[in-house]
>>> print(open('start_16.txt').read())   # compact mmCIF, C-alpha atoms
# COMPACT_ATOMS: atom_id res chain seq x y z
CA PRO K 704 -56.07 -6.14 123.07
CA ASP K 705 -58.18 -9.32 123.29
CA GLN K 706 -61.39 -7.47 122.48
CA PRO K 707 -60.95 -7.62 118.64
CA ARG K 708 -60.32 -11.38 118.83
CA ILE K 709 -63.34 -11.88 121.09
CA ALA K 710 -65.53 -9.88 118.72
CA ALA K 711 -64.26 -11.84 115.71
CA ALA K 712 -64.92 -15.16 117.43
CA ALA K 713 -68.44 -14.05 118.29
CA GLY K 714 -69.02 -13.11 114.67
CA VAL K 715 -67.84 -16.53 113.47
CA LYS K 716 -70.20 -18.23 115.93
CA LYS K 717 -73.11 -16.19 114.60
CA VAL K 718 -72.29 -17.14 111.00
CA LEU K 719 -71.98 -20.84 111.85
CA ALA K 720 -75.22 -20.76 113.80
CA ALA K 721 -77.01 -19.22 110.82
CA ARG K 722 -75.87 -21.88 108.38
CA PRO K 723 -78.40 -24.62 107.54
CA PRO K 724 -77.46 -28.17 108.48
CA SER K 725 -75.52 -29.87 105.72
CA ALA K 726 -77.09 -32.77 103.88
CA PRO K 727 -75.62 -36.18 104.62
CA ALA K 728 -73.82 -38.18 102.01
CA ALA K 729 -76.13 -39.96 99.64
CA CYS K 730 -77.42 -43.23 101.04
CA ALA K 731 -75.84 -42.66 104.43
CA PRO K 732 -76.95 -45.49 106.73
CA MET K 733 -80.13 -44.47 108.47
CA ALA K 734 -83.04 -46.19 110.10
CA SER K 735 -85.26 -48.14 107.75
CA SER K 736 -88.09 -46.14 106.24
CA SER K 737 -89.93 -49.07 104.60
CA ALA K 738 -89.51 -47.71 101.05
CA GLY K 739 -90.22 -44.17 102.09
CA ASP K 740 -92.38 -42.68 104.81
CA ALA K 741 -95.14 -41.08 102.77
CA SER K 742 -96.60 -39.45 105.88
CA ALA K 743 -93.50 -37.33 106.52
CA SER K 744 -92.93 -33.94 104.93
CA ALA K 745 -89.85 -32.40 103.34
CA GLU K 746 -89.34 -28.66 103.36
CA GLY K 747 -92.12 -27.31 101.16
CA LEU K 748 -93.10 -30.84 100.09
CA LYS K 749 -95.56 -33.38 101.40
CA GLY K 750 -94.62 -37.01 101.85
CA TRP K 751 -96.27 -38.19 98.63
CA GLN K 752 -94.43 -35.47 96.72
CA VAL K 753 -91.10 -36.70 98.06
CA THR K 754 -91.81 -40.26 96.91
CA MET K 755 -93.04 -39.01 93.53
CA ILE K 756 -89.71 -37.21 93.04
CA SER K 757 -87.57 -40.13 94.20
CA GLY K 758 -89.66 -42.57 92.17
CA SER K 759 -89.39 -40.47 89.01
CA ILE K 760 -85.62 -40.22 89.23
CA SER K 761 -85.17 -43.90 90.02
CA GLY K 762 -87.49 -44.90 87.16
CA ALA K 763 -85.55 -42.87 84.60
CA VAL K 764 -82.12 -44.08 85.75
CA ALA K 765 -83.20 -47.73 85.87
CA THR K 766 -84.70 -47.50 82.36
CA LEU K 767 -81.48 -46.22 80.82
CA ALA K 768 -79.43 -48.81 82.69
CA ARG K 769 -81.33 -51.77 81.29
CA GLN K 770 -82.60 -50.60 77.88
CA PRO K 771 -79.78 -52.02 75.68
CA ILE K 772 -80.14 -55.46 77.26
CA GLN K 773 -83.92 -55.09 77.20
CA ARG K 774 -84.07 -54.53 73.47
CA LEU K 775 -81.82 -57.48 72.61
CA LYS K 776 -83.85 -59.74 74.87
CA TRP K 777 -87.19 -58.67 73.39
CA ILE K 778 -86.03 -59.15 69.80
CA ARG K 779 -84.92 -62.69 70.66
CA GLN K 780 -87.87 -63.47 72.94
CA VAL K 781 -90.68 -62.75 70.46
CA ASP K 782 -89.05 -64.71 67.62
CA PRO K 783 -91.05 -67.99 67.37
CA GLY K 784 -88.26 -69.78 65.51
CA GLN K 785 -85.08 -71.36 66.80
CA PRO K 786 -83.18 -69.21 69.33
CA VAL K 787 -80.71 -66.84 67.70
CA PRO K 788 -77.40 -66.20 69.52
CA TYR K 789 -77.27 -62.88 71.33
CA GLY K 790 -74.10 -61.98 69.46
CA THR K 791 -76.01 -62.24 66.17
CA VAL K 792 -78.90 -60.15 67.50
CA LEU K 793 -76.45 -57.52 68.77
CA ARG K 794 -74.58 -57.36 65.45
CA ARG K 795 -77.78 -57.00 63.42
CA THR K 796 -79.17 -54.34 65.73
CA VAL K 797 -75.99 -52.24 65.62
CA GLN K 798 -75.71 -52.63 61.83
CA GLU K 799 -79.27 -51.40 61.31
CA GLY K 800 -79.37 -48.58 63.87
CA GLY K 801 -75.88 -47.99 65.20
CA VAL K 802 -75.09 -47.96 68.91
CA LEU K 803 -78.06 -45.69 69.54
CA GLY K 804 -80.22 -48.43 68.08
CA LEU K 805 -79.64 -50.33 71.30
CA PHE K 806 -81.49 -47.55 73.13
CA ARG K 807 -84.49 -47.52 70.80
CA GLY K 808 -87.58 -47.39 72.96
CA SER K 809 -85.80 -45.55 75.79
CA THR K 810 -87.99 -42.46 75.47
CA ALA K 811 -91.15 -44.55 75.50
CA GLY K 812 -89.67 -46.57 78.35
CA ILE K 813 -88.98 -43.47 80.42
CA VAL K 814 -92.44 -42.08 79.64
CA ARG K 815 -93.91 -45.35 80.91
CA ASN K 816 -91.51 -46.05 83.79
CA ILE K 817 -91.48 -42.60 85.41
CA PRO K 818 -95.21 -42.65 86.24
CA HIS K 819 -95.03 -46.37 87.04
CA SER K 820 -92.08 -45.95 89.40
CA SER K 821 -93.59 -42.84 90.98
CA LEU K 822 -96.86 -44.65 91.60
CA VAL K 823 -95.09 -47.72 92.99
CA TYR K 824 -92.99 -45.82 95.54
CA THR K 825 -95.91 -43.58 96.52
CA ILE K 826 -98.59 -46.27 96.77
CA TYR K 827 -96.45 -48.86 98.56
CA PRO K 828 -96.13 -47.02 101.93
CA TRP K 829 -99.91 -46.53 101.97
CA TRP K 830 -100.55 -50.22 101.40
CA GLU K 831 -97.89 -51.18 103.94
CA ARG K 832 -99.41 -48.98 106.66
CA ASN K 833 -102.95 -50.20 106.01
CA ILE K 834 -102.08 -53.89 105.79
CA LYS K 835 -99.97 -53.58 108.94
CA ALA K 836 -102.90 -51.90 110.70
CA ALA K 837 -105.34 -54.55 109.47
CA LEU K 838 -103.10 -57.29 110.85
CA GLY K 839 -102.72 -55.51 114.20
CA GLY K 840 -99.09 -54.60 113.60
CA GLU K 841 -99.47 -50.93 114.54
CA ALA K 842 -100.64 -51.84 118.03
CA ARG K 843 -97.56 -54.04 118.55
CA GLY K 844 -95.21 -51.45 117.07
CA GLY K 845 -91.86 -52.24 115.47
CA GLU K 846 -90.99 -52.97 111.85
CA SER K 847 -93.33 -54.55 109.33
CA SER K 848 -93.07 -58.28 108.79
CA PHE K 849 -92.00 -59.90 105.52
CA GLY K 850 -95.62 -60.93 104.93
CA THR K 851 -96.85 -57.35 105.32
CA ARG K 852 -94.27 -56.09 102.83
CA PHE K 853 -95.04 -58.97 100.44
CA PHE K 854 -98.79 -58.28 100.28
CA ALA K 855 -98.23 -54.50 100.15
CA GLY K 856 -95.92 -54.99 97.17
CA PHE K 857 -98.46 -57.26 95.46
CA ALA K 858 -101.27 -54.69 95.84
CA THR K 859 -98.93 -51.92 94.68
CA GLY K 860 -98.04 -53.82 91.51
CA PHE K 861 -101.72 -54.35 90.70
CA CYS K 862 -102.60 -50.65 91.04
CA ALA K 863 -99.58 -49.32 89.17
CA THR K 864 -99.93 -51.77 86.26
CA VAL K 865 -103.58 -50.87 85.68
CA ALA K 866 -102.49 -47.28 85.08
CA THR K 867 -99.36 -47.85 82.97
CA HIS K 868 -99.90 -51.00 80.87
CA PRO K 869 -100.93 -49.11 77.68
CA LEU K 870 -97.65 -47.16 77.80
CA ASP K 871 -95.77 -50.43 78.19
CA THR K 872 -97.45 -51.90 75.09
CA ILE K 873 -96.44 -48.87 73.00
CA ARG K 874 -92.88 -49.09 74.33
CA VAL K 875 -92.60 -52.78 73.36
CA ARG K 876 -93.79 -52.14 69.81
CA ILE K 877 -91.43 -49.21 69.29
CA SER K 878 -88.51 -51.20 70.67
CA LEU K 879 -89.20 -54.19 68.40
CA THR K 880 -89.68 -52.15 65.21
CA GLN K 881 -86.75 -52.49 62.80
CA GLY K 882 -85.76 -49.29 61.04
CA GLU K 883 -87.35 -45.94 61.86
CA ALA K 884 -90.20 -46.14 64.37
CA LYS K 885 -92.63 -43.24 64.74
CA LEU K 886 -95.07 -42.99 67.62
CA ALA K 887 -97.87 -41.90 65.24
CA ASP K 888 -97.37 -45.03 63.10
CA ILE K 889 -97.38 -47.28 66.17
CA LEU K 890 -100.60 -45.70 67.46
CA SER K 891 -102.16 -46.04 64.01
CA ASP K 892 -101.30 -49.76 63.93
CA VAL K 893 -102.75 -50.20 67.41
CA GLY K 894 -105.95 -48.43 66.31
CA ARG K 895 -106.36 -50.75 63.35
CA GLN K 896 -105.80 -53.81 65.51
CA GLY K 897 -108.44 -53.03 68.11
CA GLY K 898 -108.01 -49.56 69.58
CA VAL K 899 -107.88 -49.32 73.37
CA ARG K 900 -108.35 -53.08 73.70
CA ALA K 901 -105.14 -53.63 71.74
CA LEU K 902 -103.25 -51.45 74.23
CA TYR K 903 -104.14 -53.98 76.93
CA HIS K 904 -102.90 -57.08 75.08
CA GLY K 905 -100.97 -59.17 77.58
CA PHE K 906 -102.65 -57.38 80.46
CA ALA K 907 -103.69 -60.54 82.32
CA ALA K 908 -100.18 -61.99 82.13
CA THR K 909 -98.78 -58.64 83.27
CA MET K 910 -101.08 -58.54 86.27
CA VAL K 911 -100.19 -62.09 87.28
CA GLY K 912 -96.49 -61.32 86.89
CA ALA K 913 -96.26 -57.77 88.27
CA GLY K 914 -97.81 -58.65 91.62
CA PRO K 915 -95.36 -61.41 92.62
CA ARG K 916 -92.39 -59.48 91.21
CA LEU K 917 -93.04 -56.39 93.32
CA ALA K 918 -94.18 -58.47 96.28
CA LEU K 919 -90.88 -60.33 96.39
CA GLY K 920 -88.95 -57.17 95.48
CA PHE K 921 -90.18 -55.09 98.39
CA GLY K 922 -90.34 -58.07 100.74
CA VAL K 923 -86.75 -59.14 100.17
CA PHE K 924 -85.21 -55.65 99.85
CA GLU K 925 -86.84 -54.05 102.88
CA THR K 926 -86.38 -57.13 105.05
CA LEU K 927 -82.68 -57.44 104.23
CA LYS K 928 -82.24 -53.73 104.87
CA VAL K 929 -83.81 -53.97 108.33
CA GLU K 930 -82.07 -57.19 109.33
CA LEU K 931 -78.59 -56.13 108.19
CA GLN K 932 -78.61 -52.35 108.73
CA LYS K 933 -76.51 -52.67 111.90
CA SER K 934 -73.87 -54.83 110.27
CA ASP K 935 -70.38 -53.46 109.72
CA ALA K 936 -70.62 -53.84 105.94
CA TYR K 937 -73.88 -51.87 105.76
CA GLN K 938 -72.52 -49.10 107.99
CA ARG K 939 -69.40 -48.74 105.84
CA TYR K 940 -70.89 -49.32 102.36
CA PRO K 941 -74.64 -48.60 102.53
CA THR K 942 -75.05 -47.88 98.82
CA ALA K 943 -73.28 -51.05 97.72
CA CYS K 944 -75.26 -53.14 100.22
CA LYS K 945 -78.56 -51.69 99.01
CA ALA K 946 -77.58 -52.44 95.42
CA VAL K 947 -76.87 -56.07 96.36
CA PHE K 948 -80.15 -56.32 98.28
CA GLY K 949 -81.99 -54.91 95.28
CA TYR K 950 -80.33 -57.35 92.89
CA LEU K 951 -81.28 -60.31 95.08
CA ALA K 952 -84.84 -59.00 95.32
CA GLY K 953 -85.09 -58.71 91.54
CA LEU K 954 -83.50 -62.12 90.98
CA SER K 955 -86.01 -63.94 93.19
CA GLY K 956 -88.96 -62.38 91.38
CA GLU K 957 -87.49 -62.97 87.93
CA LEU K 958 -87.08 -66.70 88.32
CA LEU K 959 -90.70 -67.02 89.41
CA ILE K 960 -92.56 -65.06 86.74
CA TYR K 961 -90.43 -65.30 83.59
CA PRO K 962 -92.78 -67.67 81.67
CA LEU K 963 -95.57 -65.13 82.14
CA ASP K 964 -93.27 -62.41 80.84
CA THR K 965 -92.61 -64.44 77.67
CA VAL K 966 -96.34 -64.82 76.98
CA ARG K 967 -97.05 -61.15 77.75
CA ARG K 968 -94.36 -59.80 75.41
CA ARG K 969 -95.54 -61.96 72.53
CA GLN K 970 -99.16 -60.88 73.00
CA GLN K 971 -98.14 -57.22 73.12
CA ALA K 972 -95.81 -57.40 70.14
CA LEU K 973 -97.87 -59.59 67.78
CA GLY K 974 -101.34 -58.16 68.49
CA ASP K 975 -104.54 -59.64 67.05
CA GLY K 976 -102.63 -61.04 64.09
CA SER K 977 -101.42 -63.88 66.29
CA PRO K 978 -103.60 -66.68 67.75
CA LEU K 979 -101.65 -66.19 70.96
CA ALA K 980 -103.26 -62.80 71.54
CA ARG K 981 -106.73 -64.32 71.71
CA LYS K 982 -105.78 -66.87 74.37
CA SER K 983 -106.10 -66.62 78.13
CA VAL K 984 -102.90 -66.60 80.19
CA GLY K 985 -103.10 -70.32 80.92
CA GLN K 986 -103.96 -71.23 77.33
CA ALA K 987 -101.15 -69.05 75.96
CA ILE K 988 -98.61 -70.64 78.30
CA MET K 989 -99.70 -74.14 77.26
CA MET K 990 -99.62 -73.16 73.56
CA VAL K 991 -96.02 -71.93 73.80
CA PHE K 992 -95.06 -74.95 75.90
CA ARG K 993 -96.49 -77.43 73.37
CA GLN K 994 -94.81 -75.71 70.43
CA GLU K 995 -91.42 -74.89 71.96
CA GLY K 996 -91.20 -76.78 75.23
CA LEU K 997 -89.80 -75.50 78.52
CA LYS K 998 -86.86 -73.97 76.69
CA GLY K 999 -89.23 -71.72 74.76
CA MET K 1000 -90.90 -70.57 77.98
CA TYR K 1001 -87.53 -69.41 79.32
CA LYS K 1002 -86.13 -68.06 76.05
CA GLY K 1003 -83.92 -65.07 76.86
CA LEU K 1004 -83.73 -65.87 80.59
CA ALA K 1005 -79.93 -65.72 80.79
CA LEU K 1006 -79.91 -62.08 79.74
CA ASN K 1007 -82.87 -61.34 81.98
CA LEU K 1008 -80.99 -62.57 85.02
CA ILE K 1009 -78.70 -59.59 84.43
CA LYS K 1010 -81.19 -57.01 83.16
CA ASN K 1011 -84.13 -57.11 85.53
CA PRO K 1012 -82.30 -57.69 88.81
CA LEU K 1013 -79.92 -54.91 87.75
CA ALA K 1014 -82.83 -52.56 87.06
CA THR K 1015 -84.51 -53.51 90.33
CA GLY K 1016 -81.32 -52.89 92.29
CA VAL K 1017 -80.73 -49.53 90.59
CA SER K 1018 -84.33 -48.43 91.10
CA LEU K 1019 -84.54 -49.36 94.80
CA THR K 1020 -81.09 -47.93 95.56
CA VAL K 1021 -81.59 -44.63 93.72
CA ASN K 1022 -85.01 -44.19 95.32
CA ASP K 1023 -83.51 -44.66 98.79
CA CYS K 1024 -80.59 -42.30 98.03
CA VAL K 1025 -82.87 -39.48 96.86
CA LYS K 1026 -85.05 -39.83 99.96
CA ASP K 1027 -81.97 -39.85 102.20
CA MET K 1028 -80.75 -36.61 100.62
CA LEU K 1029 -84.14 -35.01 101.32
CA ARG K 1030 -84.18 -36.24 104.92
CA PRO K 1031 -82.47 -33.16 106.55
CA TYR K 1032 -84.99 -30.82 104.95
CA ARG K 1033 -87.80 -33.07 106.08
CA ARG K 1034 -86.52 -32.95 109.64
CA ARG K 1035 -86.16 -29.16 109.60
CA ALA K 1036 -89.68 -28.81 108.31
CA GLU K 1037 -91.00 -31.05 111.08
CA GLY K 1038 -89.13 -29.01 113.67
CA ARG K 1039 -90.71 -25.70 112.71
>>> encode(input="start_16.txt", output="structure tokens")
Amino acid sequence: PDQPRIAAAAGVKKVLAARPPSAPAACAPMASSSAGDASASAEGLKGWQVTMISGSISGAVATLARQPIQRLKWIRQVDPGQPVPYGTVLRRTVQEGGVLGLFRGSTAGIVRNIPHSSLVYTIYPWWERNIKAALGGEARGGESSFGTRFFAGFATGFCATVATHPLDTIRVRISLTQGEAKLADILSDVGRQGGVRALYHGFAATMVGAGPRLALGFGVFETLKVELQKSDAYQRYPTACKAVFGYLAGLSGELLIYPLDTVRRRQQALGDGSPLARKSVGQAIMMVFRQEGLKGMYKGLALNLIKNPLATGVSLTVNDCVKDMLRPYRRRAEGR
């Protein structure tokens, strides 16, 4: 009489054995991967493909999260007159374009930020490995140092910005256009103002700013993750902890490079029609400082202390979550 039960139990064991391992919860606490191990492979995907996917998703989500604040800040930042209250800028923007007007430039932002984010999260592990090897870190083993992550982030920012700065210029002009903004009209204006050269207005300021921002971002985020990953808070709330680490990483970079961001946005938005566009980074900073003082250099900073650290935290956290969800498939592929 026990034979039917024995047969049924054996059948259940076969079914359970045939099931693939379930994916862990998103952002489950795992060993640090230093922003993604680009040498590992997911099932059917190479390491660089995994980071391209995670970077694309994180870039799109971060863009949508910060775009309303971004647009208000840009409108206020490029105005050379007396600072206008954010409430006034918000009211005018909603009156002219409705609530969706706050998201103007989102499409251009996503088009720019997806390749930028994908490049950043794919290039960074390569730079980290090579800098660590050059400094003798591979022979000693263990995690990368803060300095290794800092210089890897700086080099990553340089490479990614070279490729995506023209898209950023187009996004800024669309976002700052009042009324209906068409991509063809924006490109036509850029062509009249200098063609390809006009697409790289503000490039020097971008390069000076993007390097330190990403250097501090990766350095702070990855270091905090490694140092605190065994803490009780991280084990219980890994996603929340990563979001906090990302915000702190973005905040440190923002305070350092904001004056460069002010100069860059004005050069991009005003083009050759402004004397500012024909100045070097140092000359442009001094010109704004003489005309508007230190307050003008940090115009819009209060909103930026919310926007950019928020976007950095979202981007780093989402990127880690996507890679964590792909981890079981990566392990199965390595085991075959």
>>> residues_near_point(input="start_16.txt", point="(-86.2, -47.0, 86.1)", cutoff="12 Å", atoms="only C-alpha atoms", output="PyMOL selection string")
chain K and resi 757-770+809-821+823-824+1010-1022
>>> atom_distance(input="start_16.txt", atom1="atom CA of K:Gly905", atom2="atom CA of K:Leu775")
19.9 Å
>>> residues_near_point(input="start_16.txt", point="(-101.3, -53.2, 108.3)", cutoff="10 Å", atoms="only C-alpha atoms", output="PyMOL selection string")
chain K and resi 829-842+847-848+851-852+854-855
>>> residues_around(input="start_16.txt", residues="stretch 949-952 of chain K", least_positions_apart="2", cutoff="12 Å", atoms="all atoms listed in the file", output="PyMOL selection string")
chain K and resi 738+765+853+856+915-928+942-947+954-959+1007-1023
>>> axis_aligned_box(input="start_16.txt", around="stretch 895-902 of chain K", padding_each_side="3 Å", output="AutoDock Vina command-line options")
--center_x -105.8 --center_y -51.6 --center_z 68.8 --size_x 11.2 --size_y 10.5 --size_z 16.9
>>> closest_residue(input="start_16.txt", among="K:Tyr789, K:Arg1030, K:Thr796, K:Ala913", to="K:Ile960", atoms="only C-alpha atoms")
K:Ala913
>>> atom_distance(input="start_16.txt", atom1="atom CA of K:Leu1029", atom2="atom CA of K:Thr825")
15.3 Å
>>> residues_around(input="start_16.txt", residues="K:Tyr961", least_positions_apart="4", cutoff="8 Å", atoms="all atoms listed in the file", output="list in words")
Gly912, Glu957, Thr965, Met1000, Tyr1001 and Leu1004 of chain K
>>> residues_around(input="start_16.txt", residues="stretch 863-872 of chain K", least_positions_apart="4", cutoff="7 Å", atoms="all atoms listed in the file", output="VMD selection string")
chain K and resid 815 819 822 to 823 859 876 902 to 903 906 910 971
>>> atom_distance(input="start_16.txt", atom1="atom CA of K:Met1028", atom2="atom CA of K:Lys933")
20.1 Å
>>> residues_around(input="start_16.txt", residues="K:Gln785", least_positions_apart="5", cutoff="10 Å", atoms="all atoms listed in the file", output="ChimeraX atom specification")
/K:779,995,999,1002
>>> residues_around(input="start_16.txt", residues="K:Val991", least_positions_apart="3", cutoff="10 Å", atoms="only C-alpha atoms", output="PDB file with C-alpha atoms, keeping the file's coordinate frame")
ATOM      1  CA  PRO K 783     -91.050 -67.990  67.370  1.00  0.00           C
ATOM      2  CA  PRO K 962     -92.780 -67.670  81.670  1.00  0.00           C
ATOM      3  CA  THR K 965     -92.610 -64.440  77.670  1.00  0.00           C
ATOM      4  CA  VAL K 966     -96.340 -64.820  76.980  1.00  0.00           C
ATOM      5  CA  LEU K 979    -101.650 -66.190  70.960  1.00  0.00           C
ATOM      6  CA  GLN K 986    -103.960 -71.230  77.330  1.00  0.00           C
ATOM      7  CA  ALA K 987    -101.150 -69.050  75.960  1.00  0.00           C
ATOM      8  CA  ILE K 988     -98.610 -70.640  78.300  1.00  0.00           C
ATOM      9  CA  GLN K 994     -94.810 -75.710  70.430  1.00  0.00           C
ATOM     10  CA  GLU K 995     -91.420 -74.890  71.960  1.00  0.00           C
ATOM     11  CA  GLY K 996     -91.200 -76.780  75.230  1.00  0.00           C
ATOM     12  CA  LEU K 997     -89.800 -75.500  78.520  1.00  0.00           C
ATOM     13  CA  LYS K 998     -86.860 -73.970  76.690  1.00  0.00           C
ATOM     14  CA  GLY K 999     -89.230 -71.720  74.760  1.00  0.00           C
ATOM     15  CA  MET K1000     -90.900 -70.570  77.980  1.00  0.00           C
TER      16      MET K1000
END
